[in-house]
file query22.tsv (TSV, N, CA and C atoms)
chain	number	residue	atom	x	y	z
A	692	MET	N	165.53	-215.87	77.40
A	692	MET	CA	166.63	-215.03	77.82
A	692	MET	C	167.48	-214.68	76.60
A	693	PRO	N	167.98	-213.47	76.49
A	693	PRO	CA	168.80	-213.10	75.34
A	693	PRO	C	169.99	-214.03	75.15
A	694	GLU	N	170.25	-214.37	73.89
A	694	GLU	CA	171.32	-215.32	73.57
A	694	GLU	C	172.67	-214.91	74.13
A	695	ASN	N	173.04	-213.63	73.99
A	695	ASN	CA	174.36	-213.21	74.49
A	695	ASN	C	174.43	-213.25	76.02
A	696	LEU	N	173.30	-213.17	76.70
A	696	LEU	CA	173.27	-213.31	78.15
A	696	LEU	C	173.34	-214.78	78.55
A	697	ARG	N	172.76	-215.64	77.72
A	697	ARG	CA	172.76	-217.08	78.01
A	697	ARG	C	174.16	-217.68	78.04
A	698	LYS	N	175.13	-217.00	77.47
A	698	LYS	CA	176.51	-217.48	77.53
A	698	LYS	C	177.02	-217.49	78.97
A	699	PHE	N	176.44	-216.62	79.80
A	699	PHE	CA	176.91	-216.45	81.17
A	699	PHE	C	175.96	-216.99	82.23
A	700	VAL	N	174.66	-216.90	81.97
A	700	VAL	CA	173.67	-217.33	82.95
A	700	VAL	C	172.52	-218.04	82.24
A	701	TYR	N	171.75	-218.79	83.02
A	701	TYR	CA	170.56	-219.46	82.49
A	701	TYR	C	169.57	-219.61	83.64
A	702	PHE	N	168.29	-219.68	83.29
A	702	PHE	CA	167.27	-219.86	84.33
A	702	PHE	C	167.47	-221.21	85.01
A	703	ASN	N	167.23	-221.22	86.30
A	703	ASN	CA	167.41	-222.38	87.17
A	703	ASN	C	168.89	-222.60	87.52
A	704	MET	N	169.76	-221.69	87.10
A	704	MET	CA	171.18	-221.78	87.44
A	704	MET	C	171.34	-221.60	88.96
A	705	PRO	N	172.06	-222.50	89.62
A	705	PRO	CA	172.29	-222.32	91.05
A	705	PRO	C	173.10	-221.05	91.33
A	706	ARG	N	172.75	-220.36	92.39
A	706	ARG	CA	173.42	-219.11	92.74
A	706	ARG	C	174.93	-219.32	92.90
A	707	LYS	N	175.31	-220.44	93.44
A	707	LYS	CA	176.74	-220.74	93.64
A	707	LYS	C	177.49	-220.74	92.30
A	708	GLU	N	176.91	-221.36	91.29
A	708	GLU	CA	177.53	-221.37	89.95
A	708	GLU	C	177.56	-219.96	89.36
A	709	PHE	N	176.47	-219.22	89.54
A	709	PHE	CA	176.39	-217.84	89.06
A	709	PHE	C	177.55	-217.01	89.62
A	710	LEU	N	177.79	-217.12	90.92
A	710	LEU	CA	178.84	-216.33	91.56
A	710	LEU	C	180.23	-216.74	91.09
A	711	GLN	N	180.39	-218.00	90.70
A	711	GLN	CA	181.67	-218.42	90.14
A	711	GLN	C	181.89	-217.79	88.77
A	712	ARG	N	180.81	-217.64	88.00
A	712	ARG	CA	180.90	-217.05	86.66
A	712	ARG	C	180.90	-215.53	86.68
A	713	GLN	N	180.25	-214.95	87.68
A	713	GLN	CA	180.08	-213.50	87.77
A	713	GLN	C	180.53	-212.99	89.14
A	714	PRO	N	181.77	-213.20	89.53
A	714	PRO	CA	182.20	-212.85	90.89
A	714	PRO	C	182.22	-211.34	91.17
A	715	HIS	N	182.19	-210.52	90.13
A	715	HIS	CA	182.26	-209.07	90.31
A	715	HIS	C	180.92	-208.43	90.70
A	716	LEU	N	179.83	-209.19	90.62
A	716	LEU	CA	178.52	-208.59	90.88
A	716	LEU	C	178.26	-208.47	92.37
A	717	GLU	N	177.55	-207.40	92.72
A	717	GLU	CA	177.26	-207.16	94.13
A	717	GLU	C	175.84	-207.59	94.47
A	718	GLU	N	175.68	-208.11	95.67
A	718	GLU	CA	174.36	-208.47	96.15
A	718	GLU	C	173.72	-207.23	96.77
A	719	LEU	N	172.47	-206.98	96.41
A	719	LEU	CA	171.73	-205.86	96.98
A	719	LEU	C	171.04	-206.32	98.25
A	720	SER	N	171.03	-205.48	99.26
A	720	SER	CA	170.31	-205.85	100.48
A	720	SER	C	168.82	-205.76	100.18
A	721	GLN	N	168.07	-206.69	100.74
A	721	GLN	CA	166.63	-206.79	100.48
A	721	GLN	C	165.86	-206.83	101.79
A	722	ARG	N	164.67	-206.32	101.73
A	722	ARG	CA	163.78	-206.41	102.89
A	722	ARG	C	162.92	-207.66	102.82
A	723	VAL	N	162.98	-208.36	101.71
A	723	VAL	CA	162.21	-209.60	101.58
A	723	VAL	C	163.11	-210.78	101.90
A	724	SER	N	162.51	-211.80	102.47
A	724	SER	CA	163.32	-212.92	102.94
A	724	SER	C	163.38	-214.09	101.98
A	725	PHE	N	162.65	-214.03	100.87
A	725	PHE	CA	162.55	-215.20	100.00
A	725	PHE	C	163.49	-215.18	98.79
A	726	ARG	N	164.25	-214.10	98.59
A	726	ARG	CA	165.11	-214.05	97.41
A	726	ARG	C	166.41	-213.29	97.71
A	727	ARG	N	167.37	-213.51	96.80
A	727	ARG	CA	168.64	-212.77	96.80
A	727	ARG	C	168.70	-212.04	95.47
A	728	VAL	N	169.23	-210.82	95.49
A	728	VAL	CA	169.24	-209.98	94.29
A	728	VAL	C	170.65	-209.49	94.02
A	729	TYR	N	171.07	-209.62	92.74
A	729	TYR	CA	172.38	-209.14	92.30
A	729	TYR	C	172.18	-208.17	91.16
A	730	ILE	N	173.09	-207.20	91.04
A	730	ILE	CA	172.98	-206.20	89.97
A	730	ILE	C	174.31	-206.12	89.21
A	731	ASP	N	174.17	-205.99	87.89
A	731	ASP	CA	175.33	-205.81	87.01
A	731	ASP	C	175.20	-204.44	86.37
A	732	THR	N	176.07	-203.53	86.75
A	732	THR	CA	176.04	-202.18	86.18
A	732	THR	C	177.10	-202.00	85.10
A	733	ALA	N	177.89	-203.02	84.86
A	733	ALA	CA	178.94	-202.95	83.82
A	733	ALA	C	178.38	-203.47	82.51
A	734	THR	N	177.35	-202.81	82.01
A	734	THR	CA	176.69	-203.22	80.78
A	734	THR	C	176.94	-202.18	79.69
A	735	ALA	N	176.74	-202.61	78.46
A	735	ALA	CA	176.92	-201.71	77.31
A	735	ALA	C	175.56	-201.17	76.86
A	736	ALA	N	175.57	-200.02	76.23
A	736	ALA	CA	174.35	-199.43	75.68
A	736	ALA	C	173.71	-200.44	74.72
A	737	PRO	N	172.41	-200.52	74.70
A	737	PRO	CA	171.43	-199.63	75.32
A	737	PRO	C	171.05	-200.01	76.75
A	738	LEU	N	171.72	-200.99	77.36
A	738	LEU	CA	171.39	-201.38	78.73
A	738	LEU	C	172.01	-200.43	79.75
A	739	ASP	N	171.25	-200.15	80.81
A	739	ASP	CA	171.78	-199.41	81.96
A	739	ASP	C	172.34	-200.39	82.98
A	740	TYR	N	171.56	-201.44	83.23
A	740	TYR	CA	171.98	-202.46	84.19
A	740	TYR	C	171.12	-203.71	84.02
A	741	ILE	N	171.54	-204.80	84.67
A	741	ILE	CA	170.79	-206.05	84.69
A	741	ILE	C	170.65	-206.48	86.14
A	742	VAL	N	169.45	-206.92	86.51
A	742	VAL	CA	169.19	-207.40	87.86
A	742	VAL	C	168.85	-208.89	87.78
A	743	TYR	N	169.38	-209.67	88.71
A	743	TYR	CA	169.17	-211.12	88.76
A	743	TYR	C	168.52	-211.48	90.08
A	744	TYR	N	167.42	-212.26	90.04
A	744	TYR	CA	166.74	-212.72	91.26
A	744	TYR	C	166.98	-214.21	91.44
A	745	PHE	N	167.37	-214.58	92.65
A	745	PHE	CA	167.58	-215.98	93.02
A	745	PHE	C	166.67	-216.32	94.20
A	746	ASP	N	166.05	-217.47	94.14
A	746	ASP	CA	165.26	-217.96	95.26
A	746	ASP	C	166.20	-218.34	96.40
A	747	LYS	N	165.76	-218.22	97.63
A	747	LYS	CA	166.62	-218.57	98.76
A	747	LYS	C	166.51	-220.04	99.17
A	748	ASP	N	165.57	-220.76	98.59
A	748	ASP	CA	165.39	-222.18	98.95
A	748	ASP	C	166.16	-223.09	98.02
A	749	ARG	N	166.26	-224.34	98.42
A	749	ARG	CA	166.90	-225.41	97.65
A	749	ARG	C	168.27	-224.98	97.16
A	750	HIS	N	168.52	-225.07	95.86
A	750	HIS	CA	169.84	-224.72	95.30
A	750	HIS	C	169.92	-223.24	94.91
A	751	GLU	N	168.96	-222.46	95.37
A	751	GLU	CA	168.92	-221.02	95.11
A	751	GLU	C	168.97	-220.72	93.61
A	752	PRO	N	167.94	-221.15	92.86
A	752	PRO	CA	167.95	-220.99	91.40
A	752	PRO	C	167.69	-219.56	90.93
A	753	LEU	N	168.29	-219.22	89.80
A	753	LEU	CA	167.98	-217.96	89.11
A	753	LEU	C	166.60	-218.12	88.48
A	754	TYR	N	165.68	-217.20	88.81
A	754	TYR	CA	164.33	-217.32	88.26
A	754	TYR	C	163.82	-216.04	87.61
A	755	GLU	N	164.55	-214.93	87.73
A	755	GLU	CA	164.09	-213.69	87.11
A	755	GLU	C	165.28	-212.84	86.71
A	756	VAL	N	165.17	-212.23	85.53
A	756	VAL	CA	166.19	-211.31	85.03
A	756	VAL	C	165.47	-210.04	84.59
A	757	ILE	N	165.95	-208.90	85.04
A	757	ILE	CA	165.38	-207.62	84.65
A	757	ILE	C	166.43	-206.85	83.86
A	758	LEU	N	166.10	-206.55	82.62
A	758	LEU	CA	166.99	-205.77	81.75
A	758	LEU	C	166.50	-204.32	81.79
A	759	ALA	N	167.31	-203.43	82.32
A	759	ALA	CA	166.94	-202.01	82.41
A	759	ALA	C	167.64	-201.25	81.29
A	760	PHE	N	166.85	-200.55	80.50
A	760	PHE	CA	167.36	-199.84	79.33
A	760	PHE	C	167.45	-198.34	79.58
A	761	GLN	N	168.17	-197.66	78.71
A	761	GLN	CA	168.31	-196.21	78.81
A	761	GLN	C	166.99	-195.50	78.51
A	762	ASP	N	166.14	-196.14	77.71
A	762	ASP	CA	164.85	-195.54	77.36
A	762	ASP	C	163.90	-196.64	76.90
A	763	THR	N	162.63	-196.28	76.77
A	763	THR	CA	161.62	-197.27	76.37
A	763	THR	C	161.73	-197.66	74.90
A	764	ILE	N	162.24	-196.78	74.08
A	764	ILE	CA	162.43	-197.12	72.66
A	764	ILE	C	163.42	-198.26	72.52
A	765	SER	N	164.55	-198.17	73.20
A	765	SER	CA	165.55	-199.25	73.17
A	765	SER	C	164.97	-200.53	73.75
A	766	ARG	N	164.21	-200.40	74.84
A	766	ARG	CA	163.57	-201.56	75.45
A	766	ARG	C	162.65	-202.25	74.45
A	767	ASP	N	161.80	-201.47	73.78
A	767	ASP	CA	160.85	-202.05	72.84
A	767	ASP	C	161.54	-202.69	71.64
A	768	GLN	N	162.57	-202.05	71.13
A	768	GLN	CA	163.31	-202.62	70.00
A	768	GLN	C	163.98	-203.93	70.38
A	769	THR	N	164.57	-203.98	71.56
A	769	THR	CA	165.23	-205.20	72.02
A	769	THR	C	164.20	-206.29	72.28
A	770	ALA	N	163.09	-205.95	72.89
A	770	ALA	CA	162.04	-206.94	73.15
A	770	ALA	C	161.52	-207.53	71.85
A	771	ALA	N	161.29	-206.70	70.85
A	771	ALA	CA	160.81	-207.18	69.55
A	771	ALA	C	161.84	-208.11	68.90
A	772	LYS	N	163.10	-207.74	68.99
A	772	LYS	CA	164.16	-208.56	68.40
A	772	LYS	C	164.29	-209.91	69.11
A	773	LEU	N	164.22	-209.90	70.44
A	773	LEU	CA	164.41	-211.12	71.22
A	773	LEU	C	163.18	-212.02	71.23
A	774	LEU	N	162.00	-211.39	71.35
A	774	LEU	CA	160.79	-212.14	71.64
A	774	LEU	C	159.73	-212.09	70.55
A	775	GLY	N	159.90	-211.20	69.56
A	775	GLY	CA	158.86	-211.04	68.56
A	775	GLY	C	157.72	-210.21	69.12
A	776	PRO	N	156.56	-210.25	68.46
A	776	PRO	CA	155.42	-209.48	68.97
A	776	PRO	C	154.85	-210.14	70.23
A	777	PRO	N	154.26	-209.34	71.12
A	777	PRO	CA	153.63	-209.92	72.31
A	777	PRO	C	152.59	-210.97	71.90
A	778	ASN	N	152.50	-212.05	72.67
A	778	ASN	CA	151.59	-213.13	72.31
A	778	ASN	C	150.69	-213.54	73.47
A	779	TYR	N	150.64	-212.74	74.53
A	779	TYR	CA	149.87	-213.13	75.71
A	779	TYR	C	149.26	-211.90	76.36
A	780	GLU	N	147.98	-211.94	76.59
A	780	GLU	CA	147.25	-210.86	77.26
A	780	GLU	C	147.57	-209.48	76.70
A	781	GLY	N	147.72	-209.41	75.38
A	781	GLY	CA	147.87	-208.14	74.69
A	781	GLY	C	149.25	-207.54	74.66
A	782	ASP	N	149.96	-207.52	75.79
A	782	ASP	CA	151.23	-206.80	75.83
A	782	ASP	C	152.33	-207.57	76.56
A	783	GLU	N	152.15	-208.88	76.67
A	783	GLU	CA	153.14	-209.71	77.34
A	783	GLU	C	153.55	-210.86	76.43
A	784	TRP	N	154.54	-211.61	76.88
A	784	TRP	CA	155.01	-212.77	76.15
A	784	TRP	C	154.91	-213.99	77.04
A	785	TYR	N	154.54	-215.10	76.43
A	785	TYR	CA	154.48	-216.37	77.14
A	785	TYR	C	155.13	-217.41	76.24
A	786	VAL	N	156.12	-218.10	76.78
A	786	VAL	CA	156.81	-219.15	76.02
A	786	VAL	C	156.53	-220.46	76.75
A	787	PRO	N	155.74	-221.36	76.12
A	787	PRO	CA	155.41	-222.61	76.79
A	787	PRO	C	156.66	-223.44	77.08
A	788	ARG	N	156.49	-224.32	77.99
A	788	ARG	CA	157.53	-225.23	78.47
A	788	ARG	C	158.40	-225.75	77.33
A	789	ASP	N	159.68	-225.35	77.34
A	789	ASP	CA	160.63	-225.89	76.36
A	789	ASP	C	161.66	-226.74	77.08
A	790	SER	N	161.58	-226.76	78.38
A	790	SER	CA	162.46	-227.62	79.18
A	790	SER	C	161.65	-228.04	80.39
A	791	ALA	N	162.04	-227.60	81.55
A	791	ALA	CA	161.34	-228.00	82.76
A	791	ALA	C	160.30	-226.98	83.23
A	792	PHE	N	160.23	-225.82	82.56
A	792	PHE	CA	159.31	-224.78	83.01
A	792	PHE	C	159.01	-223.81	81.88
A	793	ASP	N	157.94	-223.03	82.06
A	793	ASP	CA	157.54	-222.02	81.09
A	793	ASP	C	158.28	-220.71	81.38
A	794	TYR	N	158.25	-219.81	80.39
A	794	TYR	CA	158.85	-218.48	80.52
A	794	TYR	C	157.77	-217.44	80.26
A	795	SER	N	157.90	-216.30	80.90
A	795	SER	CA	157.03	-215.15	80.63
A	795	SER	C	157.89	-213.90	80.61
A	796	ALA	N	157.38	-212.86	79.97
A	796	ALA	CA	158.09	-211.58	79.92
A	796	ALA	C	157.08	-210.46	79.77
A	797	TRP	N	157.45	-209.29	80.28
A	797	TRP	CA	156.62	-208.10	80.12
A	797	TRP	C	157.49	-206.86	80.26
A	798	ARG	N	156.93	-205.74	79.82
A	798	ARG	CA	157.61	-204.45	79.92
A	798	ARG	C	157.09	-203.71	81.15
A	799	PHE	N	158.00	-203.02	81.83
A	799	PHE	CA	157.63	-202.20	82.99
A	799	PHE	C	158.57	-201.01	83.01
A	800	GLN	N	158.01	-199.82	82.86
A	800	GLN	CA	158.81	-198.60	82.76
A	800	GLN	C	159.86	-198.79	81.66
A	801	ASN	N	161.14	-198.61	81.96
A	801	ASN	CA	162.18	-198.78	80.93
A	801	ASN	C	162.80	-200.18	80.98
A	802	LYS	N	162.09	-201.12	81.61
A	802	LYS	CA	162.65	-202.46	81.84
A	802	LYS	C	161.91	-203.53	81.05
A	803	LEU	N	162.65	-204.60	80.77
A	803	LEU	CA	162.08	-205.83	80.24
A	803	LEU	C	162.31	-206.90	81.30
A	804	VAL	N	161.22	-207.43	81.83
A	804	VAL	CA	161.28	-208.44	82.88
A	804	VAL	C	161.07	-209.80	82.24
A	805	ILE	N	161.98	-210.74	82.49
A	805	ILE	CA	161.88	-212.09	81.95
A	805	ILE	C	161.95	-213.05	83.13
A	806	ILE	N	160.98	-213.97	83.21
A	806	ILE	CA	160.95	-214.89	84.34
A	806	ILE	C	160.88	-216.34	83.86
A	807	GLY	N	161.44	-217.22	84.66
A	807	GLY	CA	161.25	-218.65	84.50
A	807	GLY	C	160.27	-219.10	85.56
A	808	ARG	N	159.21	-219.76	85.17
A	808	ARG	CA	158.19	-220.20	86.13
A	808	ARG	C	158.63	-221.52	86.77
A	809	ILE	N	159.64	-221.41	87.62
A	809	ILE	CA	160.31	-222.56	88.21
A	809	ILE	C	159.61	-222.96	89.51
A	810	GLU	N	159.34	-224.24	89.64
A	810	GLU	CA	158.66	-224.75	90.82
A	810	GLU	C	159.39	-224.31	92.10
A	811	GLY	N	158.60	-223.85	93.06
A	811	GLY	CA	159.14	-223.44	94.34
A	811	GLY	C	159.62	-221.99	94.40
A	812	THR	N	159.51	-221.26	93.29
A	812	THR	CA	159.95	-219.86	93.27
A	812	THR	C	158.74	-218.92	93.25
A	813	GLU	N	159.01	-217.65	93.34
A	813	GLU	CA	157.99	-216.61	93.38
A	813	GLU	C	157.01	-216.70	92.20
A	814	TRP	N	157.49	-217.04	91.02
A	814	TRP	CA	156.66	-217.03	89.82
A	814	TRP	C	156.23	-218.43	89.37
A	815	ALA	N	156.29	-219.41	90.23
A	815	ALA	CA	155.91	-220.78	89.86
A	815	ALA	C	154.47	-220.80	89.37
A	816	GLU	N	154.19	-221.73	88.47
A	816	GLU	CA	152.81	-221.90	87.99
A	816	GLU	C	151.93	-222.28	89.17
A	817	GLU	N	150.76	-221.70	89.21
A	817	GLU	CA	149.84	-222.01	90.31
A	817	GLU	C	148.81	-223.01	89.87
call {"tool": "encode", "arguments": {"input": "query22.tsv", "output": "structure tokens"}}
result
Amino acid sequence: MPENLRKFVYFNMPRKEFLQRQPHLEELSQRVSFRRVYIDTATAAPLDYIVYYFDKDRHEPLYEVILAFQDTISRDQTAAKLLGPPNYEGDEWYVPRDSAFDYSAWRFQNKLVIIGRIEGTEWAEE
């Protein structure tokens, strides 16, 4: 996760703690029953917005962050700065377990998706 974002949130952060730190964020209504989604539109360029996914089970941990950029050039520059060159399956990033879980990241449209492979969540290791 980007260092300047880590000041406010971290993977596996309980949703309750997140809302205490980020009370201005709105929850998006979802058609899926397994997660809660929040969006931050008060971001500075080159970001358009940030989306946060929380699992609905247990302590409702943060397990996915989507950084949406104004364009793919900004996305690629930020990804290179944060993560270096892709190191997994050609165009993705994989960071082995540095705490309780592994991390993965990939590009999608103008977004950089970063996930924590946290047990019991959508992206848990299988």
call {"tool": "closest_residue", "arguments": {"input": "query22.tsv", "among": "A:Pro737, A:Pro787, A:Gly807, A:Pro752", "to": "Asp767 of chain A", "atoms": "only C-alpha atoms"}}
result
A:Pro737
call {"tool": "residues_around", "arguments": {"input": "query22.tsv", "residues": "segment 714-724 of chain A", "least_positions_apart": "6", "cutoff": "6.5 Å", "atoms": "only N, CA and C atoms", "output": "PDB file with N, CA and C atoms, in the frame of the given file"}}
result
ATOM      1  N   ILE A 730     173.090-207.200  91.040  1.00  0.00           N
ATOM      2  CA  ILE A 730     172.980-206.200  89.970  1.00  0.00           C
ATOM      3  C   ILE A 730     174.310-206.120  89.210  1.00  0.00           C
ATOM      4  N   ASP A 731     174.170-205.990  87.890  1.00  0.00           N
ATOM      5  CA  ASP A 731     175.330-205.810  87.010  1.00  0.00           C
ATOM      6  C   ASP A 731     175.200-204.440  86.370  1.00  0.00           C
ATOM      7  N   LYS A 747     165.760-218.220  97.630  1.00  0.00           N
ATOM      8  CA  LYS A 747     166.620-218.570  98.760  1.00  0.00           C
ATOM      9  C   LYS A 747     166.510-220.040  99.170  1.00  0.00           C
TER      10      LYS A 747
END
call {"tool": "closest_residue", "arguments": {"input": "query22.tsv", "among": "A:Ser795, A:Asn801, A:Gln713, A:Asn778", "to": "Phe760 of chain A", "atoms": "all atoms listed in the file"}}
result
A:Asn801
call {"tool": "closest_residue", "arguments": {"input": "query22.tsv", "among": "A:Trp784, A:Ile806, A:Thr734, A:Arg706", "to": "Asp746 of chain A", "atoms": "all atoms listed in the file"}}
result
A:Arg706
call {"tool": "residues_around", "arguments": {"input": "query22.tsv", "residues": "Ile764 of chain A", "least_positions_apart": "6", "cutoff": "12 Å", "atoms": "only C-alpha atoms", "output": "list of chain:residue names"}}
result
A:Pro737, A:Leu738, A:Ala770, A:Ala771, A:Arg798, A:Gln800, A:Asn801, A:Lys802, A:Leu803
call {"tool": "write_last_selection", "arguments": {"input": "query22.tsv", "atoms": "N, CA and C atoms", "output": "tab-separated table (two decimals), in the coordinates of the input"}}
result
chain	number	residue	atom	x	y	z
A	737	PRO	N	172.41	-200.52	74.70
A	737	PRO	CA	171.43	-199.63	75.32
A	737	PRO	C	171.05	-200.01	76.75
A	738	LEU	N	171.72	-200.99	77.36
A	738	LEU	CA	171.39	-201.38	78.73
A	738	LEU	C	172.01	-200.43	79.75
A	770	ALA	N	163.09	-205.95	72.89
A	770	ALA	CA	162.04	-206.94	73.15
A	770	ALA	C	161.52	-207.53	71.85
A	771	ALA	N	161.29	-206.70	70.85
A	771	ALA	CA	160.81	-207.18	69.55
A	771	ALA	C	161.84	-208.11	68.90
A	798	ARG	N	156.93	-205.74	79.82
A	798	ARG	CA	157.61	-204.45	79.92
A	798	ARG	C	157.09	-203.71	81.15
A	800	GLN	N	158.01	-199.82	82.86
A	800	GLN	CA	158.81	-198.60	82.76
A	800	GLN	C	159.86	-198.79	81.66
A	801	ASN	N	161.14	-198.61	81.96
A	801	ASN	CA	162.18	-198.78	80.93
A	801	ASN	C	162.80	-200.18	80.98
A	802	LYS	N	162.09	-201.12	81.61
A	802	LYS	CA	162.65	-202.46	81.84
A	802	LYS	C	161.91	-203.53	81.05
A	803	LEU	N	162.65	-204.60	80.77
A	803	LEU	CA	162.08	-205.83	80.24
A	803	LEU	C	162.31	-206.90	81.30
call {"tool": "atom_distance", "arguments": {"input": "query22.tsv", "atom1": "atom N of Glu810 of chain A", "atom2": "atom C of Tyr785 of chain A"}}
result
15.6 Å
call {"tool": "atom_distance", "arguments": {"input": "query22.tsv", "atom1": "atom C of Asp748 of chain A", "atom2": "atom CA of Asp793 of chain A"}}
result
19.0 Å
call {"tool": "closest_residue", "arguments": {"input": "query22.tsv", "among": "A:Arg808, A:Arg766, A:Arg788, A:Lys707", "to": "Tyr754 of chain A", "atoms": "only N, CA and C atoms"}}
result
A:Arg808
call {"tool": "select_by_dssp", "arguments": {"input": "query22.tsv", "residues": "segment 696-791 of chain A", "states": "strand (DSSP E or B)", "output": "ChimeraX atom specification"}}
result
/A:705,717-719,726-731,738-746,752-760,779,783-786
call {"tool": "atom_distance", "arguments": {"input": "query22.tsv", "atom1": "atom CA of Phe725 of chain A", "atom2": "atom CA of Phe699 of chain A"}}
result
23.7 Å
call {"tool": "closest_residue", "arguments": {"input": "query22.tsv", "among": "A:Gly775, A:Tyr740, A:Phe792, A:Phe745", "to": "Gln761 of chain A", "atoms": "only N, CA and C atoms"}}
result
A:Tyr740
call {"tool": "closest_residue", "arguments": {"input": "query22.tsv", "among": "A:Ala733, A:Trp797, A:Glu751, A:Pro776", "to": "Asn703 of chain A", "atoms": "all atoms listed in the file"}}
result
A:Glu751
call {"tool": "residues_around", "arguments": {"input": "query22.tsv", "residues": "Val742 of chain A", "least_positions_apart": "6", "cutoff": "7 Å", "atoms": "all atoms listed in the file", "output": "short mmCIF file (atom, residue, chain, number, x, y, z; two decimals) with N, CA and C atoms, in the frame of the given file"}}
result
data_model
loop_
_atom_site.label_atom_id
_atom_site.label_comp_id
_atom_site.auth_asym_id
_atom_site.auth_seq_id
_atom_site.Cartn_x
_atom_site.Cartn_y
_atom_site.Cartn_z
N VAL A 728 169.23 -210.82 95.49
CA VAL A 728 169.24 -209.98 94.29
C VAL A 728 170.65 -209.49 94.02
N TYR A 729 171.07 -209.62 92.74
CA TYR A 729 172.38 -209.14 92.30
C TYR A 729 172.18 -208.17 91.16
N ILE A 730 173.09 -207.20 91.04
CA ILE A 730 172.98 -206.20 89.97
C ILE A 730 174.31 -206.12 89.21
N ASP A 731 174.17 -205.99 87.89
CA ASP A 731 175.33 -205.81 87.01
C ASP A 731 175.20 -204.44 86.37
N GLU A 755 164.55 -214.93 87.73
CA GLU A 755 164.09 -213.69 87.11
C GLU A 755 165.28 -212.84 86.71
N VAL A 756 165.17 -212.23 85.53
CA VAL A 756 166.19 -211.31 85.03
C VAL A 756 165.47 -210.04 84.59
N ILE A 757 165.95 -208.90 85.04
CA ILE A 757 165.38 -207.62 84.65
C ILE A 757 166.43 -206.85 83.86
N LEU A 758 166.10 -206.55 82.62
CA LEU A 758 166.99 -205.77 81.75
C LEU A 758 166.50 -204.32 81.79
N ALA A 759 167.31 -203.43 82.32
CA ALA A 759 166.94 -202.01 82.41
C ALA A 759 167.64 -201.25 81.29
#
call {"tool": "select_by_dssp", "arguments": {"input": "query22.tsv", "residues": "segment 696-739 of chain A", "states": "alpha helix (DSSP H)", "output": "list in words"}}
result
Leu696, Arg697, Arg706, Lys707, Glu708, Phe709, Leu710, Gln711 and Arg712 of chain A
call {"tool": "write_last_selection", "arguments": {"input": "query22.tsv", "atoms": "N, CA and C atoms", "output": "PDB file, in the coordinates of the input"}}
result
ATOM      1  N   LEU A 696     173.300-213.170  76.700  1.00  0.00           N
ATOM      2  CA  LEU A 696     173.270-213.310  78.150  1.00  0.00           C
ATOM      3  C   LEU A 696     173.340-214.780  78.550  1.00  0.00           C
ATOM      4  N   ARG A 697     172.760-215.640  77.720  1.00  0.00           N
ATOM      5  CA  ARG A 697     172.760-217.080  78.010  1.00  0.00           C
ATOM      6  C   ARG A 697     174.160-217.680  78.040  1.00  0.00           C
ATOM      7  N   ARG A 706     172.750-220.360  92.390  1.00  0.00           N
ATOM      8  CA  ARG A 706     173.420-219.110  92.740  1.00  0.00           C
ATOM      9  C   ARG A 706     174.930-219.320  92.900  1.00  0.00           C
ATOM     10  N   LYS A 707     175.310-220.440  93.440  1.00  0.00           N
ATOM     11  CA  LYS A 707     176.740-220.740  93.640  1.00  0.00           C
ATOM     12  C   LYS A 707     177.490-220.740  92.300  1.00  0.00           C
ATOM     13  N   GLU A 708     176.910-221.360  91.290  1.00  0.00           N
ATOM     14  CA  GLU A 708     177.530-221.370  89.950  1.00  0.00           C
ATOM     15  C   GLU A 708     177.560-219.960  89.360  1.00  0.00           C
ATOM     16  N   PHE A 709     176.470-219.220  89.540  1.00  0.00           N
ATOM     17  CA  PHE A 709     176.390-217.840  89.060  1.00  0.00           C
ATOM     18  C   PHE A 709     177.550-217.010  89.620  1.00  0.00           C
ATOM     19  N   LEU A 710     177.790-217.120  90.920  1.00  0.00           N
ATOM     20  CA  LEU A 710     178.840-216.330  91.560  1.00  0.00           C
ATOM     21  C   LEU A 710     180.230-216.740  91.090  1.00  0.00           C
ATOM     22  N   GLN A 711     180.390-218.000  90.700  1.00  0.00           N
ATOM     23  CA  GLN A 711     181.670-218.420  90.140  1.00  0.00           C
ATOM     24  C   GLN A 711     181.890-217.790  88.770  1.00  0.00           C
ATOM     25  N   ARG A 712     180.810-217.640  88.000  1.00  0.00           N
ATOM     26  CA  ARG A 712     180.900-217.050  86.660  1.00  0.00           C
ATOM     27  C   ARG A 712     180.900-215.530  86.680  1.00  0.00           C
TER      28      ARG A 712
END
call {"tool": "axis_aligned_box", "arguments": {"input": "query22.tsv", "around": "segment 793-808 of chain A", "padding_each_side": "5 Å", "output": "JSON"}}
result
{"center_x": 159.7, "center_y": -210.8, "center_z": 83.3, "size_x": 16.2, "size_y": 34.4, "size_z": 17.0}
